[in-house]
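Colleague: Questions regarding the structure given below will be posed in turn.
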Amino acid sequence: MRLFILAGLICMMGCSKKATDYRSFLNGGEIVYPGTVSNIKVSPGNGRIQIRWQPSPDPSVKKYIVFWNNGIDSSVIPATTSNPGDTVKCIISNLGEYTYSFLIYSYDSAGNRSIASAINNVKVYGNSYLSSLYNRPYDVIEPGVYNSPTAVTLKFGIPDTINVTTEIRYTDANGITQQQWLSPDSTSISIGSYQPGSVIYYKSGYIPVRGAIDTFFVTYYDSLPNIPVLCNKSLFSALQLPNDVGTYEGQTGLDKLWDGSVGPQSYPNIFHSDGNHSLPHHFTFDMGQLYNELTHVEITGRNCCNNPDHFEVWGIADITNAATTLPGNDAGWKDEAVAKGWTLLQDVTRTDDGIAPFKINLRAGIPAVRYIRIRVLHVTSGDSNYSNISELSFWARP
């Protein structure tokens with residue numbers, strides 16, 4: 001009989017558990033353990049963290065206390081809901097850059113507390129992490145291009161996977177500082193109003209891990225190189241120095257090289273050399289002003305034939321006493337050109353038919369240039385005397 005009564009008491013105790021489901025009996029006194037939190041999530045930040053959890057369904061819970069630093073520090077969060085579908089959020093600030101452990105307790109109005117919910121290995125980020133960050137790289141080959149006299153497109157490299165944004169700071173055409181943001185999944189950004197020659201600054205933002213509550217911005221701005229500007233072709237003019245090649249006829253002069261034509265042209269809207277100067281041969285023109293830093297040249301061939309596929313671009317600031325006496329096909333021509341002050345800006349070889357526009361970087365560190373000489377060494381047709389070109393364009397940093 002006693003066994004049945006004891007079993008019944010045990011059964012009643014087992015069937016009466018509620019949200020306050022931790023109770024023990026010690027010397028006849030009941031100890032109550034309020035319900036614990038569940039589904040704990042942690043997001044790190046800059047000297048702080050956010051802890052989120054689903055509240056206990058125990059309606060007696062009045063507050064939660066989060067402890068760290070071996071219980072020395074704590075934060076109290078009022079319990080405003082007992083709905084497990086809700087989320088309680090807690091920001092803990094003023095933390096050093098360190099890896100922490102936290103304990104969360106639930107408390108009722110009588111001061112009873114729950115079993116601890118532990119959170120271990122929580123990393124907080126700060127200045128050490130910040131000092132490891134660098135700005136997103138720009139496209140070193142072509143950091144930017146002009147779409148119009150006051151509109152540019154900036155080009156960047158692929159960012160680190162934890163990059164979240166890059167601030168672009170620039171001066172618009174009206175002299176007002178503006179700001180745009182480059183997303184990590186884009187490698188270019190367009191600026192519709194830009195003051196040519198003004199400095200463009202940028203600074204990148206990162207998160208240490210996905211879900212972090214703070215974005216860490218690099219502590220300094222980097223600047224893009226000045227975007228090369230298309231040289232003003234209205235200032236270009238033909239020269240005729242000793243041994244320069246002539247033109248096939250009056251309609252095919254050097255001025256066709258800067259008439260603004262777009263794409264490969266047909267005869268006679270091209271430069272067509274005469275047949276009296278066998279390759280290699282050269283021609284010379286004046287760009288009309290001194291450029292301190294030429295950066296690119298683009299050549300567009302004729303729509304059919306005699307297009308240069310191997311040529312040299314030479315430059316000089318002043319043509320006083322710069323005329324060469326040897327013809328362009330003389331083995332000593334290059335040495336004489338250098339002795340006269342000419343600088344080889346680039347030796348260009350292209351492997352196609354030479355028709356399409358072909359843009360080339362000029363050599364770094366070249367001196368200031370006003371006068372250009374193109375020396376054609378070979379054409380796609382294999383002809384020994386004729387060379388044809390539709391258009392030449394040059395770019396320089398302002």
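The chains in the structure tokens are called A, B, ... from first to last as shown; in each chain the residues are counted from 1, and the ligands are counted from 1 in the order shown.
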Please identify which residues in range 124-155 of chain A DSSP calls alpha helix (DSSP H) from the backbone, and express them as a PyMOL selection string.
Modeller: chain A and resi 127-131
Colleague: Name the residues in contact with Gly246 in chain A at a cut-off of 10 Å, using only C-alpha atoms, excluding same-chain residues fewer than 5 positions from it; report them as number ranges by chain.
Modeller: A: 240, 252-254, 272-277, 281-283
Colleague: Let me make sure I understand: among A:Arg113, A:His310, A:Arg136, A:Lys62, which one has the smallest atom-to-atom distance to Ser183 in chain A if we use only C-alpha atoms?
Modeller: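 Selected residue with least distance to Ser183 in chain A: A:Arg136.
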Colleague: So, with only C-alpha atoms as the atoms that count, which of A:Gly175, A:Gln50, A:Val32, A:Thr81 lies closest to Ser114 in chain A?
Modeller: A:Val32
Colleague: Which polymer residues have any atom within 9 Å of an atom of range 365-377 of chain A, counting only C-alpha atoms, with same-chain residues fewer than 4 positions away left out, as number ranges by chain?
Modeller: A: 279-294, 308-319, 328-329, 342-345, 387
Colleague: Include N, CA and C atoms and write out the residues we just selected as a tab-separated table (two decimals), in the first residue's frame.
Modeller:
```
chain	number	residue	atom	x	y	z
A	279	LEU	N	59.28	50.85	-95.83
A	279	LEU	CA	59.26	50.60	-94.39
A	279	LEU	C	60.62	50.10	-93.90
A	280	PRO	N	60.97	50.44	-92.65
A	280	PRO	CA	60.26	51.32	-91.71
A	280	PRO	C	60.28	52.78	-92.18
A	281	HIS	N	59.14	53.46	-92.01
A	281	HIS	CA	59.09	54.89	-92.30
A	281	HIS	C	58.32	55.60	-91.19
A	282	HIS	N	58.41	56.92	-91.16
A	282	HIS	CA	57.83	57.65	-90.03
A	282	HIS	C	57.14	58.92	-90.49
A	283	PHE	N	56.26	59.42	-89.64
A	283	PHE	CA	55.64	60.74	-89.82
A	283	PHE	C	55.58	61.43	-88.47
A	284	THR	N	55.46	62.77	-88.49
A	284	THR	CA	55.57	63.57	-87.27
A	284	THR	C	54.42	64.57	-87.21
A	285	PHE	N	53.91	64.83	-86.00
A	285	PHE	CA	52.89	65.88	-85.85
A	285	PHE	C	53.03	66.55	-84.48
A	286	ASP	N	52.43	67.72	-84.40
A	286	ASP	CA	52.45	68.57	-83.21
A	286	ASP	C	51.10	68.43	-82.50
A	287	MET	N	51.11	68.11	-81.19
A	287	MET	CA	49.86	68.01	-80.44
A	287	MET	C	49.37	69.37	-79.94
A	288	GLY	N	50.14	70.42	-80.17
A	288	GLY	CA	49.67	71.76	-79.88
A	288	GLY	C	49.91	72.25	-78.47
A	289	GLN	N	50.29	71.38	-77.57
A	289	GLN	CA	50.62	71.78	-76.20
A	289	GLN	C	51.47	70.70	-75.56
A	290	LEU	N	52.14	71.08	-74.48
A	290	LEU	CA	53.02	70.16	-73.77
A	290	LEU	C	52.19	69.32	-72.79
A	291	TYR	N	52.38	68.02	-72.81
A	291	TYR	CA	51.72	67.11	-71.88
A	291	TYR	C	52.76	66.50	-70.95
A	292	ASN	N	52.57	66.72	-69.67
A	292	ASN	CA	53.55	66.24	-68.69
A	292	ASN	C	53.53	64.73	-68.51
A	293	GLU	N	52.36	64.12	-68.75
A	293	GLU	CA	52.28	62.67	-68.55
A	293	GLU	C	51.30	62.05	-69.54
A	294	LEU	N	51.80	61.75	-70.71
A	294	LEU	CA	50.99	60.97	-71.65
A	294	LEU	C	50.86	59.55	-71.11
A	308	PRO	N	49.24	49.13	-89.68
A	308	PRO	CA	50.43	48.81	-88.89
A	308	PRO	C	50.15	47.73	-87.85
A	309	ASP	N	50.99	46.73	-87.82
A	309	ASP	CA	50.91	45.73	-86.75
A	309	ASP	C	52.19	45.70	-85.92
A	310	HIS	N	53.17	46.48	-86.33
A	310	HIS	CA	54.37	46.71	-85.52
A	310	HIS	C	54.81	48.15	-85.78
A	311	PHE	N	54.78	48.96	-84.72
A	311	PHE	CA	55.15	50.36	-84.88
A	311	PHE	C	55.69	50.89	-83.56
A	312	GLU	N	56.41	52.01	-83.65
A	312	GLU	CA	56.96	52.67	-82.47
A	312	GLU	C	56.33	54.05	-82.33
A	313	VAL	N	56.14	54.45	-81.07
A	313	VAL	CA	55.64	55.79	-80.76
A	313	VAL	C	56.77	56.54	-80.08
A	314	TRP	N	57.19	57.65	-80.69
A	314	TRP	CA	58.26	58.47	-80.15
A	314	TRP	C	57.71	59.85	-79.77
A	315	GLY	N	58.37	60.50	-78.80
A	315	GLY	CA	57.92	61.81	-78.39
A	315	GLY	C	59.07	62.70	-77.97
A	316	ILE	N	58.84	64.01	-78.02
A	316	ILE	CA	59.83	64.99	-77.61
A	316	ILE	C	59.10	66.28	-77.23
A	317	ALA	N	59.69	67.06	-76.36
A	317	ALA	CA	59.04	68.29	-75.90
A	317	ALA	C	59.30	69.46	-76.85
A	318	ASP	N	60.46	69.48	-77.50
A	318	ASP	CA	60.86	70.62	-78.33
A	318	ASP	C	61.59	70.08	-79.55
A	319	ILE	N	61.18	70.48	-80.73
A	319	ILE	CA	61.81	69.92	-81.94
A	319	ILE	C	63.00	70.76	-82.43
A	328	GLY	N	64.03	56.46	-92.01
A	328	GLY	CA	63.49	55.58	-90.98
A	328	GLY	C	63.87	54.13	-91.12
A	329	ASN	N	64.29	53.71	-92.31
A	329	ASN	CA	64.67	52.31	-92.51
A	329	ASN	C	66.16	52.07	-92.36
A	342	TRP	N	64.82	62.44	-78.81
A	342	TRP	CA	63.54	61.74	-78.88
A	342	TRP	C	63.51	60.60	-77.85
A	343	THR	N	62.33	60.34	-77.30
A	343	THR	CA	62.12	59.26	-76.33
A	343	THR	C	61.16	58.24	-76.91
A	344	LEU	N	61.53	56.98	-76.82
A	344	LEU	CA	60.62	55.91	-77.26
A	344	LEU	C	59.52	55.76	-76.21
A	345	LEU	N	58.30	56.11	-76.59
A	345	LEU	CA	57.17	56.04	-75.66
A	345	LEU	C	56.59	54.64	-75.58
A	387	SER	N	51.49	52.49	-95.69
A	387	SER	CA	50.83	52.29	-94.40
A	387	SER	C	49.56	53.13	-94.37
```
Colleague: What does the distance between CA of Lys63 in chain A and CA of Lys41 in chain A come to in Å, to one decimal place?
Modeller: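 Computing it gives 18.3 Å between the two atoms.
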Colleague: Residues at most 10 Å from range 155-160 of chain A, counting only C-alpha atoms, excluding those fewer than 3 positions away in the same chain, as a list in words?
Modeller: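 Counting only the stated atoms, we get Tyr134, Asn135, Arg136, Pro137, Tyr138, Asp139, Val140, Ile141, Glu142, Pro143, Gly144, Val145, Val152, Asn163, Val164, Thr165, Thr166, Leu182, Ser183, Pro184, Asp185, Ser186, Thr187, Ser188, Ile189, Ser190, Ser204, Tyr206 and Leu224 of chain A.
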Colleague: Just the selected residues (C-alpha atoms), exported as a PDB file, in the first residue's frame, please.
Modeller:
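Contents of again20.pdb, freshly written:
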```
ATOM      1  CA  TYR A 134      43.419  48.111 -46.459  1.00  0.00           C
ATOM      2  CA  ASN A 135      41.361  49.934 -49.022  1.00  0.00           C
ATOM      3  CA  ARG A 136      39.972  48.014 -51.938  1.00  0.00           C
ATOM      4  CA  PRO A 137      42.389  47.990 -54.905  1.00  0.00           C
ATOM      5  CA  TYR A 138      41.654  49.989 -58.023  1.00  0.00           C
ATOM      6  CA  ASP A 139      42.247  48.805 -61.564  1.00  0.00           C
ATOM      7  CA  VAL A 140      45.916  49.654 -62.064  1.00  0.00           C
ATOM      8  CA  ILE A 141      45.671  49.226 -65.835  1.00  0.00           C
ATOM      9  CA  GLU A 142      42.786  51.658 -66.222  1.00  0.00           C
ATOM     10  CA  PRO A 143      41.565  53.229 -62.959  1.00  0.00           C
ATOM     11  CA  GLY A 144      39.029  55.366 -64.773  1.00  0.00           C
ATOM     12  CA  VAL A 145      37.781  56.606 -68.122  1.00  0.00           C
ATOM     13  CA  VAL A 152      33.774  59.434 -65.574  1.00  0.00           C
ATOM     14  CA  ASN A 163      34.234  44.019 -47.933  1.00  0.00           C
ATOM     15  CA  VAL A 164      30.744  45.511 -47.650  1.00  0.00           C
ATOM     16  CA  THR A 165      31.117  48.963 -49.209  1.00  0.00           C
ATOM     17  CA  THR A 166      33.567  51.599 -50.448  1.00  0.00           C
ATOM     18  CA  LEU A 182      30.491  51.241 -54.371  1.00  0.00           C
ATOM     19  CA  SER A 183      29.026  47.840 -53.532  1.00  0.00           C
ATOM     20  CA  PRO A 184      31.347  44.829 -53.194  1.00  0.00           C
ATOM     21  CA  ASP A 185      29.733  43.041 -56.140  1.00  0.00           C
ATOM     22  CA  SER A 186      30.506  45.897 -58.553  1.00  0.00           C
ATOM     23  CA  THR A 187      33.887  46.679 -60.083  1.00  0.00           C
ATOM     24  CA  SER A 188      32.952  50.076 -61.497  1.00  0.00           C
ATOM     25  CA  ILE A 189      30.965  53.159 -60.581  1.00  0.00           C
ATOM     26  CA  SER A 190      29.898  56.082 -62.773  1.00  0.00           C
ATOM     27  CA  SER A 204      36.581  50.828 -47.822  1.00  0.00           C
ATOM     28  CA  TYR A 206      34.644  45.662 -43.870  1.00  0.00           C
ATOM     29  CA  LEU A 224      42.936  57.336 -57.376  1.00  0.00           C
TER      30      LEU A 224
END
```
Colleague: Please compute the CA of Ser278 in chain A-CA of Leu392 in chain A distance, one decimal, in Å.
Modeller: 21.5 Å
